[in-house]
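Here is final-v6.tsv, consisting of TSV, C-alpha atoms and all ligand atoms:
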chain	number	residue	atom	x	y	z
W	1	MET	CA	0.00	0.00	0.00
W	2	ILE	CA	1.48	3.31	-1.12
W	3	ILE	CA	-0.55	6.25	0.19
W	4	ASP	CA	-0.40	9.07	-2.37
W	5	HIS	CA	-2.68	11.67	-0.74
W	6	ILE	CA	-3.82	12.70	2.70
W	7	ASP	CA	-6.77	15.07	2.88
W	8	LEU	CA	-7.59	16.90	6.09
W	9	ARG	CA	-10.78	18.64	7.06
W	10	LEU	CA	-11.45	20.52	10.25
W	11	LEU	CA	-15.11	20.07	11.13
W	12	ARG	CA	-17.36	21.69	13.69
W	13	LEU	CA	-20.64	20.06	14.68
W	14	PRO	CA	-23.18	21.14	17.30
W	15	LEU	CA	-23.77	18.57	20.06
W	16	VAL	CA	-27.35	17.44	20.65
W	17	HIS	CA	-26.81	17.85	24.43
W	18	VAL	CA	-24.34	20.01	26.32
W	19	PHE	CA	-21.63	17.69	27.69
W	20	GLU	CA	-20.14	18.78	31.01
W	21	THR	CA	-17.13	17.12	32.61
W	22	SER	CA	-14.85	18.17	35.46
W	23	PHE	CA	-12.71	19.95	32.82
W	24	GLU	CA	-15.15	21.65	30.42
W	25	ARG	CA	-18.70	22.34	29.34
W	26	ALA	CA	-19.08	21.72	25.59
W	27	ASP	CA	-22.02	22.45	23.31
W	28	ASP	CA	-20.19	21.66	20.09
W	29	ARG	CA	-17.24	19.59	18.98
W	30	GLU	CA	-14.36	20.47	16.68
W	31	PHE	CA	-12.40	17.57	15.17
W	32	ILE	CA	-10.32	16.61	12.14
W	33	VAL	CA	-11.40	14.04	9.59
W	34	VAL	CA	-8.52	12.41	7.72
W	35	GLN	CA	-8.79	10.73	4.34
W	36	VAL	CA	-5.88	8.64	3.07
W	37	ARG	CA	-5.81	7.57	-0.56
W	38	ALA	CA	-3.97	4.76	-2.34
W	39	ASP	CA	-4.66	3.19	-5.75
W	40	GLY	CA	-8.02	4.95	-6.03
W	41	GLU	CA	-9.25	3.59	-2.66
W	42	VAL	CA	-9.95	5.84	0.34
W	43	GLY	CA	-9.67	5.22	4.09
W	44	TYR	CA	-11.14	7.45	6.81
W	45	GLY	CA	-9.96	8.40	10.26
W	46	GLU	CA	-11.23	10.82	12.91
W	47	CYS	CA	-8.81	12.70	15.13
W	48	VAL	CA	-10.18	12.84	18.68
W	49	ALA	CA	-8.11	15.86	19.78
W	50	GLY	CA	-10.45	18.60	20.96
W	51	GLU	CA	-10.42	22.34	20.58
W	52	ASN	CA	-8.77	22.81	24.00
W	53	PRO	CA	-5.89	21.01	25.75
W	54	TYR	CA	-8.07	20.07	28.74
W	55	TYR	CA	-8.41	16.31	28.29
W	56	SER	CA	-4.95	15.86	26.74
W	57	ALA	CA	-2.16	18.17	25.63
W	58	GLU	CA	-3.21	17.76	22.00
W	59	THR	CA	-5.66	20.11	20.27
W	60	THR	CA	-7.09	20.26	16.77
W	61	GLU	CA	-4.43	22.88	15.96
W	62	THR	CA	-1.49	20.79	17.20
W	63	ALA	CA	-2.84	17.75	15.35
W	64	TRP	CA	-3.24	19.74	12.13
W	65	HIS	CA	0.32	21.04	12.46
W	66	VAL	CA	1.89	17.66	13.27
W	67	ILE	CA	-0.02	15.74	10.60
W	68	THR	CA	0.79	18.35	7.95
W	69	GLU	CA	4.45	18.94	8.78
W	70	PHE	CA	5.65	15.61	10.17
W	71	ILE	CA	3.25	12.69	9.75
W	72	ALA	CA	2.17	13.15	6.13
W	73	PRO	CA	5.76	13.47	4.80
W	74	ARG	CA	6.71	10.18	6.53
W	75	VAL	CA	3.60	8.34	5.31
W	76	ILE	CA	3.01	9.59	1.76
W	77	GLY	CA	4.94	7.56	-0.82
W	78	HIS	CA	6.17	4.97	1.69
W	79	ASP	CA	5.39	1.34	0.84
W	80	PHE	CA	3.60	-0.29	3.80
W	81	SER	CA	2.97	-4.02	3.53
W	82	HIS	CA	0.55	-3.83	6.50
W	83	PRO	CA	-1.10	-0.86	8.29
W	84	ARG	CA	0.49	-1.96	11.59
W	85	GLU	CA	3.76	-0.60	10.16
W	86	VAL	CA	2.45	2.98	10.17
W	87	PHE	CA	2.87	3.46	13.94
W	88	GLU	CA	6.46	2.16	13.74
W	89	ARG	CA	7.18	4.54	10.87
W	90	LEU	CA	5.98	7.44	13.07
W	91	ARG	CA	8.11	6.49	16.08
W	92	PRO	CA	10.62	9.35	15.57
W	93	ILE	CA	7.74	11.75	16.30
W	94	ARG	CA	7.35	11.89	20.06
W	95	GLY	CA	3.87	12.11	21.56
W	96	HIS	CA	1.01	13.44	19.41
W	97	ASN	CA	-0.76	10.10	19.66
W	98	MET	CA	-4.12	11.49	18.55
W	99	ALA	CA	-2.61	12.95	15.38
W	100	LYS	CA	-0.79	9.68	14.67
W	101	ALA	CA	-3.87	7.57	15.38
W	102	ALA	CA	-6.08	9.52	12.98
W	103	VAL	CA	-3.76	8.72	10.08
W	104	GLU	CA	-2.90	5.19	11.21
W	105	MET	CA	-6.56	4.23	11.67
W	106	ALA	CA	-7.43	5.64	8.25
W	107	ALA	CA	-4.68	3.40	6.82
W	108	TRP	CA	-6.27	0.34	8.51
W	109	ASP	CA	-9.67	1.30	7.04
W	110	LEU	CA	-8.04	1.64	3.63
W	111	ALA	CA	-6.28	-1.74	3.90
W	112	ALA	CA	-9.53	-3.43	4.94
W	113	ARG	CA	-11.36	-1.87	1.98
W	114	GLN	CA	-8.60	-2.98	-0.39
W	115	GLN	CA	-9.09	-6.54	0.84
W	116	ASN	CA	-12.88	-6.15	0.83
W	117	LEU	CA	-12.98	-7.08	4.54
W	118	PRO	CA	-14.81	-5.49	7.44
W	119	LEU	CA	-12.23	-3.67	9.53
W	120	HIS	CA	-12.71	-5.87	12.61
W	121	HIS	CA	-11.55	-8.92	10.66
W	122	LEU	CA	-8.24	-7.18	9.98
W	123	LEU	CA	-8.02	-6.14	13.65
W	124	GLY	CA	-8.62	-9.71	14.80
W	125	GLY	CA	-12.12	-9.31	16.30
W	126	ARG	CA	-14.99	-11.64	15.54
W	127	LYS	CA	-18.02	-10.34	17.50
W	128	THR	CA	-21.07	-9.32	15.49
W	129	ALA	CA	-22.43	-7.00	18.21
W	130	ILE	CA	-20.87	-5.06	21.07
W	131	GLU	CA	-22.24	-4.06	24.47
W	132	SER	CA	-23.13	-0.40	24.77
W	133	GLY	CA	-22.91	1.91	27.77
W	134	VAL	CA	-23.44	5.66	28.21
W	135	SER	CA	-21.44	8.47	29.73
W	136	ILE	CA	-23.69	11.08	31.38
W	137	GLY	CA	-22.20	14.51	31.95
W	138	ILE	CA	-22.53	16.67	35.05
W	139	GLN	CA	-26.09	18.05	35.22
W	140	ASP	CA	-27.54	21.24	36.69
W	141	SER	CA	-29.47	19.32	39.33
W	142	LEU	CA	-29.81	15.84	40.82
W	143	ASP	CA	-33.35	15.65	39.42
W	144	GLU	CA	-32.04	16.24	35.92
W	145	LEU	CA	-29.44	13.54	36.48
W	146	ALA	CA	-32.13	11.07	37.52
W	147	THR	CA	-34.20	11.96	34.44
W	148	LYS	CA	-31.20	11.33	32.17
W	149	VAL	CA	-30.42	8.01	33.80
W	150	ALA	CA	-34.05	6.92	33.42
W	151	THR	CA	-34.00	7.81	29.72
W	152	GLU	CA	-30.79	5.87	29.05
W	153	LEU	CA	-31.91	2.80	31.01
W	154	ALA	CA	-35.19	2.81	29.05
W	155	ALA	CA	-33.17	2.91	25.81
W	156	GLY	CA	-31.50	-0.34	26.93
W	157	TYR	CA	-27.94	0.77	27.72
W	158	ARG	CA	-26.06	-1.88	29.67
W	159	ARG	CA	-24.03	0.37	31.90
W	160	ILE	CA	-24.38	3.92	33.18
W	161	LYS	CA	-21.34	6.11	33.79
W	162	ILE	CA	-21.72	9.45	35.47
W	163	LYS	CA	-19.13	12.19	35.48
W	164	ILE	CA	-18.10	13.38	38.93
W	165	LYS	CA	-16.12	16.26	40.42
W	166	PRO	CA	-15.75	17.62	43.96
W	167	GLY	CA	-19.24	18.63	45.07
W	168	TRP	CA	-20.93	16.38	42.47
W	169	ASP	CA	-19.91	12.92	43.56
W	170	LEU	CA	-21.33	11.13	46.63
W	171	ASN	CA	-24.62	13.02	46.27
W	172	ALA	CA	-24.92	12.12	42.57
W	173	VAL	CA	-24.14	8.45	43.13
W	174	GLU	CA	-26.45	8.31	46.14
W	175	THR	CA	-29.30	9.74	44.05
W	176	VAL	CA	-28.81	7.22	41.26
W	177	ARG	CA	-28.55	4.24	43.63
W	178	ALA	CA	-31.62	5.39	45.58
W	179	ARG	CA	-33.73	5.79	42.43
W	180	PHE	CA	-32.46	2.92	40.29
W	181	GLY	CA	-31.07	0.28	42.65
W	182	ALA	CA	-28.35	-2.15	41.64
W	183	ILE	CA	-27.84	-1.07	38.01
W	184	PRO	CA	-24.33	-1.45	36.49
W	185	LEU	CA	-22.92	1.93	37.52
W	186	MET	CA	-19.51	3.62	37.39
W	187	VAL	CA	-18.08	7.12	37.77
W	188	ASP	CA	-15.45	9.13	35.86
W	189	ALA	CA	-13.61	12.01	37.58
W	190	ASN	CA	-11.35	13.09	34.69
W	191	ALA	CA	-8.52	13.77	37.14
W	192	ALA	CA	-10.51	16.14	39.38
W	193	TYR	CA	-9.14	14.86	42.74
W	194	SER	CA	-5.87	14.57	44.62
W	195	LEU	CA	-4.65	11.96	47.08
W	196	ASP	CA	-5.85	14.24	49.92
W	197	ASP	CA	-9.37	13.33	48.81
W	198	ALA	CA	-8.78	9.62	49.49
W	199	PRO	CA	-11.17	9.47	52.50
W	200	ARG	CA	-13.95	11.14	50.47
W	201	LEU	CA	-13.34	8.83	47.49
W	202	ALA	CA	-13.34	5.78	49.78
W	203	GLY	CA	-16.85	6.93	50.71
W	204	LEU	CA	-17.87	5.71	47.26
W	205	ASP	CA	-17.04	2.12	48.26
W	206	ARG	CA	-20.43	1.58	49.86
W	207	PHE	CA	-22.18	2.13	46.50
W	208	ASP	CA	-20.72	-0.99	44.88
W	209	LEU	CA	-19.58	0.76	41.71
W	210	MET	CA	-18.07	-1.19	38.81
W	211	MET	CA	-15.10	1.20	38.94
W	212	ILE	CA	-13.94	4.76	39.41
W	213	GLU	CA	-12.24	6.12	36.31
W	214	GLN	CA	-9.19	8.41	36.51
W	215	PRO	CA	-9.74	9.99	39.92
W	216	LEU	CA	-6.25	11.56	40.13
W	217	ASP	CA	-3.95	13.57	37.91
W	218	TYR	CA	-3.82	12.98	34.15
W	219	ASP	CA	-0.19	11.85	34.17
W	220	ASP	CA	-0.13	10.08	37.52
W	221	VAL	CA	0.43	6.42	38.30
W	222	THR	CA	2.03	6.44	41.77
W	223	ASP	CA	-0.75	8.24	43.64
W	224	HIS	CA	-3.35	6.06	41.95
W	225	ALA	CA	-1.53	3.04	43.39
W	226	ARG	CA	-1.63	4.65	46.85
W	227	LEU	CA	-5.33	5.45	46.43
W	228	GLN	CA	-6.17	1.94	45.23
W	229	ARG	CA	-4.71	0.60	48.49
W	230	GLN	CA	-7.13	2.86	50.38
W	231	MET	CA	-10.34	1.99	48.54
W	232	ARG	CA	-12.19	-1.16	47.58
W	233	THR	CA	-13.73	0.18	44.35
W	234	ALA	CA	-11.61	-0.77	41.33
W	235	ILE	CA	-9.66	2.09	39.77
W	236	CYS	CA	-9.74	2.31	35.97
W	237	LEU	CA	-7.17	4.47	34.21
W	238	ASP	CA	-7.97	6.56	31.14
W	239	GLU	CA	-5.84	9.75	30.79
W	240	SER	CA	-2.72	8.19	32.40
W	241	ILE	CA	-2.31	5.37	29.85
W	242	HIS	CA	-0.49	6.35	26.65
W	243	SER	CA	1.08	3.04	25.66
W	244	ALA	CA	1.16	-0.66	26.47
W	245	ARG	CA	4.35	0.01	28.43
W	246	HIS	CA	2.59	2.62	30.60
W	247	ALA	CA	-0.14	0.09	31.21
W	248	ALA	CA	2.35	-2.60	32.27
W	249	ASP	CA	3.94	-0.15	34.73
W	250	ALA	CA	0.55	0.92	36.10
W	251	ILE	CA	-0.58	-2.69	36.55
W	252	ASP	CA	2.73	-3.61	38.24
W	253	ALA	CA	2.34	-0.65	40.58
W	254	GLY	CA	-1.22	-1.66	41.51
W	255	ALA	CA	-2.55	1.66	40.16
W	256	CYS	CA	-5.55	0.15	38.36
W	257	ARG	CA	-7.57	-3.03	38.01
W	258	ILE	CA	-9.30	-2.03	34.76
W	259	ILE	CA	-8.12	-0.03	31.72
W	260	ASN	CA	-10.05	2.20	29.32
W	261	ILE	CA	-8.73	1.92	25.76
W	262	LYS	CA	-9.10	4.84	23.36
W	263	PRO	CA	-7.03	4.28	20.24
W	264	GLY	CA	-6.48	8.03	19.84
W	265	ARG	CA	-4.80	8.18	23.25
W	266	VAL	CA	-2.27	5.44	22.43
W	267	GLY	CA	-1.46	6.25	18.79
W	268	GLY	CA	-3.83	3.98	16.92
W	269	TYR	CA	-4.79	0.37	16.39
W	270	ALA	CA	-1.38	-1.33	16.51
W	271	GLU	CA	-0.69	-0.02	20.00
W	272	SER	CA	-4.34	-0.58	21.08
W	273	ILE	CA	-4.03	-4.24	20.13
W	274	ARG	CA	-0.76	-4.55	22.09
W	275	LEU	CA	-2.43	-2.87	25.07
W	276	HIS	CA	-5.48	-5.14	24.77
W	277	ASP	CA	-3.31	-8.26	24.59
W	278	LEU	CA	-1.12	-7.19	27.50
W	279	CYS	CA	-4.20	-6.60	29.67
W	280	ALA	CA	-5.64	-9.97	28.65
W	281	ALA	CA	-2.40	-11.69	29.67
W	282	ARG	CA	-2.42	-9.86	33.04
W	283	GLY	CA	-6.09	-10.56	33.76
W	284	ILE	CA	-7.05	-6.87	33.46
W	285	PRO	CA	-10.45	-6.30	31.78
W	286	VAL	CA	-10.62	-3.46	29.25
W	287	TRP	CA	-13.43	-1.44	27.74
W	288	HIS	CA	-13.60	1.07	24.91
W	289	GLY	CA	-13.77	4.74	25.85
W	290	GLY	CA	-15.43	7.47	23.81
W	291	MET	CA	-14.48	10.99	22.76
W	292	LEU	CA	-17.84	12.28	21.48
W	293	GLU	CA	-16.96	10.94	18.04
W	294	SER	CA	-19.00	11.45	14.90
W	295	GLY	CA	-20.17	8.33	13.10
W	296	ILE	CA	-16.74	7.93	11.49
W	297	GLY	CA	-14.83	7.61	14.75
W	298	ARG	CA	-17.75	5.78	16.36
W	299	ALA	CA	-17.66	3.10	13.65
W	300	HIS	CA	-13.92	2.70	14.24
W	301	ASN	CA	-14.55	2.26	17.97
W	302	ILE	CA	-17.16	-0.43	17.33
W	303	HIS	CA	-14.72	-2.45	15.23
W	304	LEU	CA	-11.95	-2.34	17.85
W	305	SER	CA	-14.44	-3.33	20.57
W	306	THR	CA	-14.90	-6.74	18.93
W	307	LEU	CA	-11.58	-7.95	20.37
W	308	PRO	CA	-12.17	-10.55	23.11
W	309	ASN	CA	-10.83	-8.75	26.20
W	310	PHE	CA	-13.25	-5.82	25.68
W	311	SER	CA	-15.35	-7.54	28.32
W	312	LEU	CA	-17.17	-4.52	29.82
W	313	PRO	CA	-19.65	-2.25	27.98
W	314	GLY	CA	-17.93	0.72	26.28
W	315	ASP	CA	-18.74	4.43	26.01
W	316	ILE	CA	-20.06	3.76	22.53
W	317	ALA	CA	-23.65	4.89	22.26
W	318	ALA	CA	-26.13	5.72	19.50
W	319	SER	CA	-25.38	8.63	17.13
W	320	ARG	CA	-28.50	10.46	18.22
W	321	ARG	CA	-27.05	11.17	21.67
W	322	TYR	CA	-24.36	13.30	20.00
W	323	TYR	CA	-25.15	14.67	16.53
W	324	ASN	CA	-28.35	15.12	14.55
W	325	PRO	CA	-27.78	14.46	11.80
W	326	ASP	CA	-24.59	12.46	12.17
W	327	LEU	CA	-22.09	12.46	9.28
W	328	ILE	CA	-23.18	8.92	8.37
W	329	GLU	CA	-26.41	7.39	7.09
W	330	PRO	CA	-27.96	5.37	8.60
W	331	PRO	CA	-26.80	6.61	11.99
W	332	ILE	CA	-25.46	4.18	14.58
W	333	ASP	CA	-28.24	2.87	16.79
W	334	ILE	CA	-28.59	0.47	19.68
W	335	ALA	CA	-30.84	-2.57	19.76
W	336	PRO	CA	-33.39	-2.88	22.59
W	337	ASP	CA	-30.99	-5.33	24.30
W	338	GLY	CA	-28.33	-2.59	24.61
W	339	THR	CA	-26.01	-3.85	21.90
W	340	ILE	CA	-24.74	-2.23	18.72
W	341	ALA	CA	-24.39	-4.30	15.55
W	342	VAL	CA	-20.89	-4.36	14.06
W	343	PRO	CA	-21.00	-2.99	10.48
W	344	GLY	CA	-20.40	-5.81	8.02
W	345	GLY	CA	-19.36	-3.89	4.88
W	346	PRO	CA	-15.75	-3.28	3.81
W	347	GLY	CA	-13.58	-1.13	6.10
W	348	ILE	CA	-15.46	0.79	8.77
W	349	GLY	CA	-18.62	-0.18	6.89
W	350	VAL	CA	-20.64	3.01	7.26
W	351	THR	CA	-21.81	5.41	4.57
W	352	ILE	CA	-20.48	8.93	4.95
W	353	VAL	CA	-22.75	11.68	3.58
W	354	PRO	CA	-20.44	14.08	1.67
W	355	ALA	CA	-22.87	17.02	1.83
W	356	ARG	CA	-22.97	16.84	5.64
W	357	VAL	CA	-19.19	16.68	5.85
W	358	GLU	CA	-19.00	19.66	3.49
W	359	ARG	CA	-21.48	21.68	5.55
W	360	ALA	CA	-19.51	21.09	8.76
W	361	THR	CA	-16.10	21.85	7.22
W	362	VAL	CA	-14.32	24.97	8.47
W	363	ARG	CA	-10.88	24.33	6.94
W	364	ARG	CA	-9.29	21.88	4.52
W	365	ALA	CA	-5.91	20.82	3.19
W	366	SER	CA	-4.83	18.36	0.58
W	367	LEU	CA	-1.38	16.86	1.08
W	368	SER	CA	0.53	14.91	-1.53
W	369	GLY	CA	4.12	13.87	-2.11
W	370	SER	CA	4.74	16.75	-4.49
W	371	LEU	CA	3.98	19.39	-1.85
R	1	LIG	O1	-13.07	10.79	29.96
R	1	LIG	O2	-14.06	9.33	28.85
R	1	LIG	C1	-13.76	10.51	29.00
R	1	LIG	C2	-15.56	12.66	26.43
R	1	LIG	C3	-14.56	13.55	26.08
R	1	LIG	C4	-13.34	13.46	26.71
R	1	LIG	C5	-13.12	12.47	27.68
R	1	LIG	C6	-14.12	11.58	28.02
R	1	LIG	C7	-15.36	11.71	27.41
R	1	LIG	C8	-16.50	10.87	27.74
R	1	LIG	C9	-17.57	10.76	26.69
R	1	LIG	O3	-16.67	10.33	28.81
R	1	LIG	C10	-17.73	9.42	26.15
R	1	LIG	C11	-18.61	9.42	24.94
R	1	LIG	O4	-18.10	9.59	23.80
R	1	LIG	O5	-19.81	9.25	25.12
R	2	MG	MG	-12.60	9.00	31.02
Just give me the structure of the file as structure tokens.
Amino acid sequence: MIIDHIDLRLLRLPLVHVFETSFERADDREFIVVQVRADGEVGYGECVAGENPYYSAETTETAWHVITEFIAPRVIGHDFSHPREVFERLRPIRGHNMAKAAVEMAAWDLAARQQNLPLHHLLGGRKTAIESGVSIGIQDSLDELATKVATELAAGYRRIKIKIKPGWDLNAVETVRARFGAIPLMVDANAAYSLDDAPRLAGLDRFDLMMIEQPLDYDDVTDHARLQRQMRTAICLDESIHSARHAADAIDAGACRIINIKPGRVGGYAESIRLHDLCAARGIPVWHGGMLESGIGRAHNIHLSTLPNFSLPGDIAASRRYYNPDLIEPPIDIAPDGTIAVPGGPGIGVTIVPARVERATVRRASLSGSL
């Protein structure tokens, strides 16, 4: 496979619902869509970097810069015999995993289309449906939170995650447990606490949560290990895990019992598969995180979730919770049993609507070897 063009588009789409976390309140999403082309075939990737460096250091601007100046020149014109070689080819570029992943994942989509295979077959997954969970942002009141949870449970979602921060934690969980009983429930703090909060966080133990996601700092492992020794609830790491090696260190340190995999955070599929396999070998369950993706990134996430150690429901929900309309037709939907069917067509297997992509585009660039 010799990629001859990379096309970039910066898109902005309004979110159906405001999404509030401990780090921001968002009513729209800006992201880059990458197209890679080889031999007349096209592969698509979505860069999950956001407008602000609040979840990770990367932003849409840094990703645009790094793809344009450093990634594209190393990828265009190079002969890859398998898309797993793309990540290796990008190793001289330090960090910028979201920028790398967007291009690498587009190359996997392209390779799958060239072989007329659904992407998950190339990734090594065989499931035909995946378990779906939802991530519910911080609400203006506990009543509104309860209303949201009721709506999502009625839709069939198999696990509820609520975002927490100091002042919206024990009260929020208490409300949900009181109203809905023993539903599969977890919380995500997006690094809003410090080790000084350990006694407060241990107060969550009595609610029998599936896990607490990333309670402490975004780059921390050591304090998470200390915290895990002080609470019964399993810690799951998200922000802190940037590679399979980080994960091995975190597991060795006792910093987590569960890991959230987002391919954008680790540089794409090749590293996600290594991370998945490492966790499987260590007996650590994984699940697929979400980054408010459009249908393009969402389809990618569904394919990766078919690997066997994705044994807990992911943050991969129906399109309608995020964008209306989505960039794809038909949108991604959940079945009444809380599962999402894995697209069976070639590559990511969803149909992108060019007019919708065009309408959402705020900037574009076309990169080729001659530039
Ligand atoms: O921490 O998992 C997170 C969204 C943006 C940035 C970080 C996170 C999230 C979510 C949303 O929790 C998951 C989704 O796409 O529904
Ligand atoms: Mg998270």
Quiz item: Residues at most 8 Å from ligand MG 2 (chain R), using all atoms listed in the file? Could they come as number ranges by chain?
Solution: W: 188-190, 213-214, 237-239, 260, 289-290
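For the choices W:Phe23, W:Met291, W:Gly268, W:Gln228, the atom-to-atom distance to Pro166 (chain W) is smallest for W:Phe23 when using only C-alpha atoms.
Our summary of the geometry notes that CA of Ala191 (chain W) is positioned 21.7 Å from CA of Leu142 (chain W).
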Quiz item: Near Ile130 (chain W), within 8 Å and counting only C-alpha atoms, which residues show up once chain neighbours fewer than 3 positions away are dropped, as a count of residues only?
Solution: 9
Which region 86-186 of chain W residues have any atom within 9 Å of an atom of region 195-206 of chain W, and for each, what is the nearest pair of atoms with distance in Å to one decimal, counting all atoms listed in the file, rows sorted by chain and number, as CSV?
residue,atom,partner,partner_atom,distance
W:Asp169,CA,W:Leu204,CA,8.4
W:Leu170,CA,W:Leu204,CA,6.5
W:Val173,CA,W:Leu204,CA,8.0
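Residues with any atom within 6 Å of region 334-338 of chain W, counting all atoms listed in the file and excluding same-chain neighbours fewer than 3 positions away, are W:Ser132, W:Gly156, W:Tyr157, W:Arg158, W:Ala318.
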Quiz item: Using only C-alpha atoms, which of W:Ile328, W:Ile183, W:Ala72, W:Ala99 sits nearest Ala57 (chain W)?
Solution: W:Ala99
Self-check item: Polymer residues at most 9 Å from (7.2, 2.7, 2.1) by only C-alpha atoms, as JSON, numbers by chain
Solution: {"W": [1, 2, 3, 74, 75, 76, 77, 78, 79, 80, 81, 89]}
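Closest to His121 (chain W) among W:Leu145, W:Cys47, W:Ala225, W:Leu307 is W:Leu307, based on only C-alpha atoms.
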